[in-house]
Structure formats: structure tokens, C-alpha cells
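Undergrad: Pasting query_36.cif below, which is mmCIF, C-alpha atoms.
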data_coords
#
loop_
_atom_site.label_atom_id
_atom_site.label_comp_id
_atom_site.auth_asym_id
_atom_site.auth_seq_id
_atom_site.Cartn_x
_atom_site.Cartn_y
_atom_site.Cartn_z
CA MET A 1 0.00 0.00 0.00
CA SER A 2 1.61 3.24 -1.11
CA THR A 3 1.63 6.43 0.91
CA ILE A 4 1.08 9.73 -0.88
CA THR A 5 3.28 12.45 0.53
CA SER A 6 2.02 15.98 -0.01
CA THR A 7 4.59 18.63 -0.65
CA PRO A 8 3.78 21.94 1.08
CA GLU A 9 3.38 24.84 -1.29
CA PRO A 10 5.89 27.67 -0.88
CA THR A 11 4.57 30.75 0.89
CA VAL A 12 4.12 33.57 -1.56
CA THR A 13 4.96 36.98 -0.16
CA PRO A 14 3.95 40.30 -1.72
CA THR A 15 7.53 40.76 -2.92
CA SER A 16 7.58 37.38 -4.70
CA ARG A 17 4.34 38.26 -6.51
CA GLY A 18 6.07 41.28 -7.99
CA THR A 19 4.11 43.86 -6.01
CA ARG A 20 5.58 46.47 -3.73
CA PRO A 21 5.44 45.82 0.02
CA GLN A 22 3.02 47.88 2.06
CA TYR A 23 4.48 50.81 3.99
CA ARG A 24 2.83 52.40 6.96
CA VAL A 25 2.18 56.13 6.75
CA THR A 26 3.89 57.92 9.65
CA GLY A 27 4.35 61.55 10.55
CA ARG A 28 8.09 61.36 9.93
CA ARG A 29 7.62 59.93 6.44
CA VAL A 30 5.06 62.60 5.54
CA LEU A 31 7.50 65.28 6.75
CA ARG A 32 10.31 63.79 4.66
CA SER A 33 8.03 63.67 1.64
CA GLU A 34 7.03 67.31 1.98
CA TRP A 35 10.66 68.32 2.55
CA ALA A 36 11.71 66.57 -0.67
CA LYS A 37 8.84 68.07 -2.68
CA LEU A 38 9.56 71.58 -1.44
CA TRP A 39 13.24 71.56 -2.38
CA SER A 40 12.57 69.93 -5.75
CA LEU A 41 10.86 73.12 -6.98
CA ARG A 42 12.94 75.84 -8.59
CA SER A 43 10.52 78.47 -7.28
CA THR A 44 11.50 77.53 -3.71
CA TRP A 45 15.15 78.43 -4.22
CA ILE A 46 14.36 81.61 -6.15
CA THR A 47 11.74 82.94 -3.75
CA LEU A 48 13.74 82.14 -0.62
CA ALA A 49 16.74 83.90 -2.15
CA LEU A 50 14.57 86.93 -2.92
CA GLY A 51 13.23 86.97 0.64
CA LEU A 52 16.76 86.97 2.07
CA VAL A 53 17.91 89.64 -0.38
CA PHE A 54 14.94 91.85 0.48
CA LEU A 55 15.57 91.49 4.20
CA VAL A 56 19.29 92.21 4.01
CA ALA A 57 19.44 94.71 1.14
CA PHE A 58 16.65 97.03 2.28
CA GLY A 59 17.97 97.00 5.84
CA LEU A 60 21.45 98.01 4.71
CA ILE A 61 20.06 100.65 2.34
CA ALA A 62 18.04 102.17 5.20
CA ALA A 63 21.10 102.24 7.45
CA ALA A 64 23.24 103.84 4.71
CA GLN A 65 20.56 106.46 4.00
CA TYR A 66 20.33 107.31 7.70
CA LYS A 67 24.10 107.74 8.00
CA SER A 68 24.31 109.75 4.78
CA ARG A 69 21.56 112.20 5.74
CA LEU A 70 22.90 112.58 9.24
CA THR A 71 26.45 113.39 8.15
CA SER A 72 25.36 115.65 5.27
CA GLY A 73 22.97 117.64 7.43
CA HIS A 74 19.97 117.03 5.18
CA HIS A 75 16.51 117.25 6.70
CA MET A 76 15.16 113.92 7.94
CA ASP A 77 11.60 112.93 8.69
CA PRO A 78 11.07 112.84 12.49
CA ASP A 79 10.21 109.14 12.41
CA PHE A 80 13.34 108.36 10.41
CA ALA A 81 15.48 110.57 12.65
CA SER A 82 14.41 108.55 15.71
CA SER A 83 15.39 105.24 14.12
CA THR A 84 17.65 102.74 15.84
CA ALA A 85 20.04 100.18 14.43
CA VAL A 86 17.36 97.56 15.05
CA SER A 87 14.56 99.37 13.21
CA LEU A 88 16.90 100.22 10.33
CA SER A 89 18.19 96.66 9.97
CA LEU A 90 14.64 95.27 10.05
CA PHE A 91 13.35 97.76 7.47
CA GLY A 92 13.22 95.00 4.85
CA THR A 93 10.92 92.78 6.92
CA ASN A 94 7.80 94.08 5.16
CA PHE A 95 9.28 93.12 1.79
CA ALA A 96 10.60 89.75 2.94
CA GLN A 97 7.21 88.81 4.37
CA LEU A 98 5.65 89.09 0.91
CA ALA A 99 8.18 86.73 -0.63
CA LEU A 100 7.83 84.15 2.15
CA GLY A 101 4.06 84.47 2.35
CA VAL A 102 3.65 84.05 -1.41
CA LEU A 103 5.89 80.97 -1.37
CA GLY A 104 3.80 79.58 1.49
CA VAL A 105 0.67 79.94 -0.67
CA LEU A 106 2.43 78.19 -3.55
CA VAL A 107 3.43 75.27 -1.31
CA THR A 108 -0.21 74.23 -0.88
CA ALA A 109 -2.28 75.96 -3.58
CA GLY A 110 0.29 75.00 -6.22
CA GLU A 111 -0.58 71.33 -5.77
CA TYR A 112 -4.27 72.07 -6.32
CA SER A 113 -3.55 73.97 -9.54
CA THR A 114 -1.46 71.10 -10.95
CA GLY A 115 -3.67 68.29 -9.63
CA MET A 116 -0.79 66.77 -7.68
CA ILE A 117 -2.83 67.09 -4.49
CA ARG A 118 -4.81 63.97 -5.50
CA SER A 119 -1.68 61.85 -5.43
CA THR A 120 -0.63 63.39 -2.13
CA LEU A 121 -3.97 62.68 -0.46
CA ALA A 122 -4.09 59.18 -1.93
CA ALA A 123 -0.76 58.46 -0.23
CA VAL A 124 -1.93 60.07 3.03
CA PRO A 125 -5.66 59.32 3.30
CA ARG A 126 -6.05 60.96 6.71
CA ARG A 127 -5.32 64.33 5.00
CA LEU A 128 -4.57 66.47 8.05
CA PRO A 129 -0.95 65.20 8.40
CA VAL A 130 -0.34 66.70 4.96
CA LEU A 131 -1.36 70.17 6.17
CA TRP A 132 0.60 69.89 9.42
CA SER A 133 3.70 68.65 7.57
CA LYS A 134 3.60 71.35 4.90
CA SER A 135 3.10 74.07 7.51
CA THR A 136 5.85 72.72 9.77
CA VAL A 137 8.43 72.25 7.03
CA PHE A 138 7.96 75.61 5.39
CA GLY A 139 7.43 77.44 8.68
CA LEU A 140 10.78 76.19 9.99
CA ILE A 141 12.54 77.13 6.75
CA ALA A 142 11.06 80.64 6.85
CA LEU A 143 12.00 80.92 10.53
CA VAL A 144 15.64 79.99 9.90
CA LEU A 145 15.87 82.34 6.91
CA GLY A 146 14.35 85.18 8.95
CA LEU A 147 16.72 84.65 11.87
CA VAL A 148 19.80 84.45 9.65
CA GLY A 149 18.76 87.54 7.70
CA ALA A 150 17.86 89.58 10.78
CA PHE A 151 21.06 88.86 12.71
CA LEU A 152 23.28 89.25 9.62
CA THR A 153 21.71 92.57 8.66
CA PHE A 154 21.98 93.92 12.19
CA GLN A 155 25.66 93.05 12.43
CA ILE A 156 26.41 94.98 9.24
CA ALA A 157 23.95 97.84 9.81
CA SER A 158 25.19 98.44 13.36
CA GLY A 159 28.64 98.98 11.92
CA ILE A 160 27.29 101.46 9.37
CA VAL A 161 25.52 103.61 11.98
CA SER A 162 28.26 103.27 14.58
CA GLY A 163 28.90 106.61 16.30
CA THR A 164 25.42 107.95 15.54
CA PRO A 165 22.37 108.28 17.84
CA ALA A 166 20.99 105.09 16.27
CA ALA A 167 24.00 102.98 17.28
CA LEU A 168 23.28 99.79 19.22
CA THR A 169 25.12 96.57 19.95
CA MET A 170 23.96 93.04 20.49
CA SER A 171 24.40 93.43 24.24
CA ASP A 172 21.95 96.34 24.49
CA SER A 173 18.63 95.64 26.13
CA GLY A 174 15.94 94.28 23.81
CA VAL A 175 18.13 93.87 20.73
CA VAL A 176 18.32 90.07 20.70
CA ARG A 177 14.64 89.82 21.57
CA SER A 178 13.71 92.07 18.64
CA LEU A 179 15.82 90.09 16.17
CA LEU A 180 14.37 86.80 17.41
CA GLY A 181 10.88 88.30 17.14
CA ALA A 182 11.49 89.30 13.51
CA GLY A 183 12.59 85.79 12.60
CA LEU A 184 9.60 84.26 14.38
CA TYR A 185 7.25 86.69 12.66
CA LEU A 186 8.52 85.70 9.21
CA GLY A 187 8.23 82.03 10.13
CA LEU A 188 4.59 82.47 11.14
CA VAL A 189 3.88 84.47 7.97
CA GLY A 190 5.06 81.44 6.03
CA VAL A 191 2.67 79.22 8.00
CA ILE A 192 -0.23 81.60 7.34
CA GLY A 193 0.64 81.50 3.63
CA THR A 194 0.44 77.69 3.54
CA ALA A 195 -2.85 77.79 5.44
CA LEU A 196 -4.39 80.32 3.03
CA GLY A 197 -3.28 78.24 0.06
CA ALA A 198 -4.97 75.15 1.50
CA LEU A 199 -8.07 77.10 2.49
CA LEU A 200 -8.66 78.92 -0.80
CA ARG A 201 -7.02 76.32 -3.11
CA SER A 202 -6.10 79.13 -5.48
CA VAL A 203 -2.70 80.74 -5.92
CA ALA A 204 -4.19 84.08 -6.99
CA GLY A 205 -6.80 84.03 -4.24
CA GLY A 206 -4.33 83.08 -1.52
CA ILE A 207 -1.86 85.78 -2.52
CA SER A 208 -4.62 88.39 -2.74
CA VAL A 209 -5.90 87.64 0.75
CA LEU A 210 -2.35 87.56 2.14
CA VAL A 211 -1.40 90.94 0.64
CA GLY A 212 -4.74 92.42 1.65
CA ALA A 213 -4.46 91.27 5.26
CA LEU A 214 -0.84 92.34 5.72
CA MET A 215 -0.72 95.56 3.70
CA LEU A 216 -4.08 96.86 2.46
CA VAL A 217 -6.28 96.51 5.53
CA PRO A 218 -3.96 98.62 7.76
CA GLY A 219 -4.18 101.40 5.19
CA LEU A 220 -7.97 101.25 5.15
CA ILE A 221 -8.11 101.30 8.96
CA SER A 222 -6.19 104.58 8.90
CA LEU A 223 -9.29 106.18 7.34
CA LEU A 224 -11.28 105.51 10.50
CA PRO A 225 -11.52 108.05 13.37
CA SER A 226 -8.39 108.12 15.53
CA SER A 227 -10.19 106.65 18.52
CA TRP A 228 -11.22 103.63 16.43
CA GLN A 229 -7.75 103.32 14.96
CA ASN A 230 -6.11 102.96 18.37
CA THR A 231 -8.67 100.30 19.28
CA VAL A 232 -8.54 98.19 16.12
CA GLU A 233 -5.05 98.68 14.65
CA PRO A 234 -3.01 96.87 17.35
CA TYR A 235 -4.90 93.63 16.70
CA LEU A 236 -4.43 93.54 12.94
CA PRO A 237 -2.02 90.77 11.81
CA SER A 238 0.68 93.11 10.50
CA ASN A 239 0.53 95.49 13.47
CA ALA A 240 0.58 92.65 16.00
CA GLY A 241 3.53 91.19 14.12
CA GLU A 242 5.43 94.48 14.20
CA SER A 243 4.93 94.60 17.96
CA MET A 244 6.81 91.30 18.19
CA PHE A 245 10.07 92.86 16.96
CA ALA A 246 9.65 96.51 17.97
CA LEU A 247 12.42 97.66 20.31
CA HIS A 248 10.11 100.09 22.10
CA HIS A 249 6.32 100.15 22.12
CA GLN A 250 4.00 103.14 22.42
CA ALA A 251 0.91 103.51 24.58
CA HIS A 252 -1.49 102.42 21.80
CA THR A 253 0.59 99.45 20.60
CA LEU A 254 0.84 95.93 22.00
CA THR A 255 3.75 94.65 24.03
CA PRO A 256 5.97 92.05 22.30
CA THR A 257 4.34 89.21 24.26
CA ALA A 258 0.81 90.42 23.54
CA GLY A 259 1.70 90.91 19.88
CA LEU A 260 3.02 87.36 19.70
CA LEU A 261 -0.16 85.95 21.24
CA VAL A 262 -2.39 87.92 18.85
CA PHE A 263 -0.38 86.89 15.81
CA LEU A 264 -0.40 83.26 16.97
CA ALA A 265 -4.18 83.52 17.22
CA TRP A 266 -4.38 84.68 13.60
CA THR A 267 -2.10 81.80 12.57
CA VAL A 268 -4.22 79.23 14.40
CA LEU A 269 -7.38 80.69 12.86
CA ALA A 270 -5.95 80.33 9.34
CA LEU A 271 -4.81 76.75 10.03
CA ALA A 272 -8.20 75.84 11.52
CA GLY A 273 -9.98 77.09 8.40
CA ALA A 274 -7.59 75.17 6.15
CA ALA A 275 -8.01 71.98 8.22
CA TRP A 276 -11.80 72.27 8.13
CA ARG A 277 -11.92 72.57 4.34
CA LEU A 278 -9.33 69.86 3.80
CA VAL A 279 -11.41 67.37 5.80
CA ARG A 280 -14.87 68.46 4.65
CA THR A 281 -14.41 68.89 0.89
CA ASP A 282 -12.91 66.79 -1.88
CA ALA A 283 -9.68 67.62 -3.64
#
Go ahead and express the file in the form of C-alpha cells.

TA:
Amino acid sequence: MSTITSTPEPTVTPTSRGTRPQYRVTGRRVLRSEWAKLWSLRSTWITLALGLVFLVAFGLIAAAQYKSRLTSGHHMDPDFASSTAVSLSLFGTNFAQLALGVLGVLVTAGEYSTGMIRSTLAAVPRRLPVLWSKSTVFGLIALVLGLVGAFLTFQIASGIVSGTPAALTMSDSGVVRSLLGAGLYLGLVGVIGTALGALLRSVAGGISVLVGALMLVPGLISLLPSSWQNTVEPYLPSNAGESMFALHHQAHTLTPTAGLLVFLAWTVLALAGAAWRLVRTDA
């Protein structure tokens, strides 16, 4: 009587079938993906370079103009005459914020305009990690660029205005805090840009709202009665941000800590709106 011996079939793994193994989506991998995508774009390098150039160049130009007018005896505007090495070196912050804010909008809204967002959300079905990763990656890059630009410009500008009433050194009270505040402000502007891009899903719309909130609205508020201006102006995004890196604050302006809290509130509001639309609506 013969015995039939059965041969066990070999276990077939996903790799042996020719398919790719399954990878688990983690926060670190999403961050790495967004980091790689950001630096693969030529616009990232160009816009970051422009932001740094604006921050440094306009600060040095302001310091040189101050020194030139002071030594030549030309009439100076009272506000310009009361400038300090900090305010002169941070003169380019308003221009740098536009470059970084616009790039922040492109980071998110650019994927919607090209349709790449569908692939991104297919790889990360939970969606929200995409927003957090984009905001974190670009916010940190904008923060580092702002800090490097602010401290570099101050070191050069303080040498230009040395021996003048505007002269300050790094050891003077409030200087380091102001420079750190400027870098943090630019970092948060970058985060707001990414949030607006995800919220509006339009490059043109995101840039328009960003420019309007940071530059146009303060001008419109100046048309209000002075009593209303002093009540509303300090809480606008741009004015609260300026309070973060102002060396001295006036009676109607916020303290640096209060300005930081108000600007953080605007940042959280923009991120909350972007998160709500990302979860509630289709790509």
C-alpha cells in the first residue's frame, strides 16, 4: 500500500508576486516627503533667495541712508530721525514677508492647480498630516531664513551707523529679543501662507488675501476716526507682528508678548480654516 506524501506549497509573499510591500504612513515619512517636494521646486530656491535679499538689502540701504543724511545735514523725517540700528536693519521685513508668504501659498495651492494634491492625499488618506507637515516644514525654513537675515543685517547695519544716535550693539537691552521676534514673525507668515493656500485652493486668491491682510487693511483702517484706529489697529495681523520685533512700544501698541499671542491667534485661525476645508471637501 503506497503512501502519498504531499509537498507543502511555498509561501508567496507580496515581494515574490512582484508587487511592492506595504508601507505604513507615519508623521516622519510625511514630513520627509514634503521636505523633498519643497526643495525639488525651482521656485523655492528663487523665492527664498529673494526673501533673504529683500531682508538684508533694504535694511542696509536704510542704514546707509540714515548715515548719509545725518552726516550731510539734510533734513530727515522725524520718524526716520528717531530710528535705531534695530529698526533700520529690520526695514526690509515688510518686503521679505511678501516673498515668504507668497511661497507659502504656492506650497499648498500649487498642488491644487497642478492636480498633484490627488496623489498626495491618496498616499496620506487621513489628510490632516499633509497640512501639518507642509506648515511645519515651510514654517521652519522661513524661521531659519528670517533669523539668519535679521542677525546678519543687524551686524552689518550696526557697523554702518556706529557713532550715531541710532547705534546699538547686540548686548543692548531688547536687541536680541527684537531680532528673534522678527525671525519668528517671518516664520509664522510662512505658515499663514500655507494655510491660506490650503483654504482657498487658489494661488491668486491666496496671494490676494495675504497681501490684503498684511498691507491693504492697515491702510484702510487709517481712514477711521483716531479713537477707532487705536482700538482696532493693534490687533491687525501686521501690526501685531510688528509689535513682536519693535524695540520700544508706544501707549497704543501691543507689548511684544501680547503681539506674539495675537499673531499666533491669527495663525491658528488660518490653520483651523484650512483643516476644516481639507477634511470636509474633496480635492

Undergrad: Out of A:Val148, A:Ala167, A:Ala123, A:Leu224, which residue has the shortest atom-to-atom distance to A:Gly187 when counting only C-alpha atoms?

TA: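 Of all the options, A:Val148 lies closest to A:Gly187.
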
Undergrad: As an exercise, work out the distance from atom CA of A:Ala195 to atom CA of A:Val107 in Å and give it to one decimal place.

TA: 9.6 Å

Undergrad: Write out as a list in words the residues lying within 10 Å of A:Leu152, counting only C-alpha atoms and excluding same-chain residues fewer than 3 positions away.

TA: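 Final neighbour list, sorted by chain and number: Leu55, Val56, Ser89, Gly146, Leu147, Val148, Gly149, Gln155, Ile156, Ala157 and Leu179 of chain A.
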
Undergrad: For a quick check of your reading of the model, name the residues lying within 12 Å of the coordinate (-7.3, 93.4, 2.9), counting only C-alpha atoms, and write them as a PyMOL selection string.

TA: chain A and resi 205-221+236-238

Undergrad: Pull C-alpha atoms from the residues just selected and write them as a tab-separated table (two decimals), in the frame of the given file.

TA:
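Saved as out.tsv:
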chain	number	residue	atom	x	y	z
A	205	GLY	CA	-6.80	84.03	-4.24
A	206	GLY	CA	-4.33	83.08	-1.52
A	207	ILE	CA	-1.86	85.78	-2.52
A	208	SER	CA	-4.62	88.39	-2.74
A	209	VAL	CA	-5.90	87.64	0.75
A	210	LEU	CA	-2.35	87.56	2.14
A	211	VAL	CA	-1.40	90.94	0.64
A	212	GLY	CA	-4.74	92.42	1.65
A	213	ALA	CA	-4.46	91.27	5.26
A	214	LEU	CA	-0.84	92.34	5.72
A	215	MET	CA	-0.72	95.56	3.70
A	216	LEU	CA	-4.08	96.86	2.46
A	217	VAL	CA	-6.28	96.51	5.53
A	218	PRO	CA	-3.96	98.62	7.76
A	219	GLY	CA	-4.18	101.40	5.19
A	220	LEU	CA	-7.97	101.25	5.15
A	221	ILE	CA	-8.11	101.30	8.96
A	236	LEU	CA	-4.43	93.54	12.94
A	237	PRO	CA	-2.02	90.77	11.81
A	238	SER	CA	0.68	93.11	10.50

Undergrad: On this file, the PyMOL selection byres ((chain A and resi 201-203) around 12) gives some set of residues; write that set as a count of residues only.

TA: 38

Undergrad: Mind checking which residues fall within 10 Å of A:Pro256, counting all atoms listed in the file, ignoring those fewer than 5 positions away in the same chain, and posting them as a list in words?

TA: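 Counting all atoms listed in the file, the residues come to Arg177, Ser178, Gly181, Ala240, Gly241, Glu242, Ser243, Met244, Phe245, Ala246, Leu247, His248, His249, Leu261 and Val262 of chain A.
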
Undergrad: Since I can't run it myself right now, could you work out what the PyMOL selection byres ((chain A and resi 43-47) around 9) selects here and report it as a ChimeraX atom specification?

TA: /A:38-42,48-52,99-100,102-103,106-107

Undergrad: Given the file above and the PyMOL selection byres ((chain A and resi 133) around 8), which residues are selected, and can you give them as a list in words?

TA: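 This file, filtered by the PyMOL selection byres ((chain A and resi 133) around 8), leaves Gly27, Val30, Leu31, Glu34, Pro129, Val130, Leu131, Trp132, Lys134, Ser135, Thr136 and Val137 of chain A.
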
Undergrad: Please measure the separation of atom CA of A:Arg69 and atom CA of A:Ala81, giving the value in Å to one decimal.

TA: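 Result for atom CA of A:Arg69 versus atom CA of A:Ala81: 9.3 Å, one decimal.
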
Undergrad: How many Å separate atom CA of A:Arg280 from atom CA of A:Arg126?

TA: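 About the pair atom CA of A:Arg280 and atom CA of A:Arg126: they are 11.8 Å apart.
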
Undergrad: Let me make sure I understand: among A:Pro165, A:Pro225, A:Gly92, A:Gly190, which one has the smallest atom-to-atom distance to A:Tyr66 if we use only C-alpha atoms?

TA: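 Checking each candidate against A:Tyr66, we get A:Pro165 as the closest.
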
Undergrad: Can you tell me, as a list in words, what residues are no more than 9 Å from A:Leu188 when counting all atoms listed in the file, ignoring any on the same chain fewer than 3 positions away?

TA: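 With the cut-off at 9 Å, the set is Gly139, Leu140, Ala142, Leu143, Gly183, Leu184, Tyr185, Val191, Ile192, Gly193, Phe263, Leu264 and Thr267 of chain A.
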
Undergrad: Please return as a list of chain:residue names every residue within 12 Å of (-1.0, 108.2, 24.9), taking into account only C-alpha atoms and the file's own coordinates.

TA: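 Protein, DNA and RNA residues close to (-1.0, 108.2, 24.9): A:Ser226, A:Ser227, A:Asn230, A:His249, A:Gln250, A:Ala251, A:His252, A:Thr253.
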
Undergrad: I need the residue nearest A:Gly159 from this list: A:Val268, A:Val86, A:Leu70, A:Leu98. Use only C-alpha atoms for the distance.

TA: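 Checking each candidate against A:Gly159, we get A:Val86 as the closest.
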
Undergrad: Hey, which of A:His75, A:Arg24, A:Arg127, A:Lys37 ends up closest to A:Trp276? Count only C-alpha atoms.

TA: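 The answer is A:Arg127, which sits nearest to A:Trp276.
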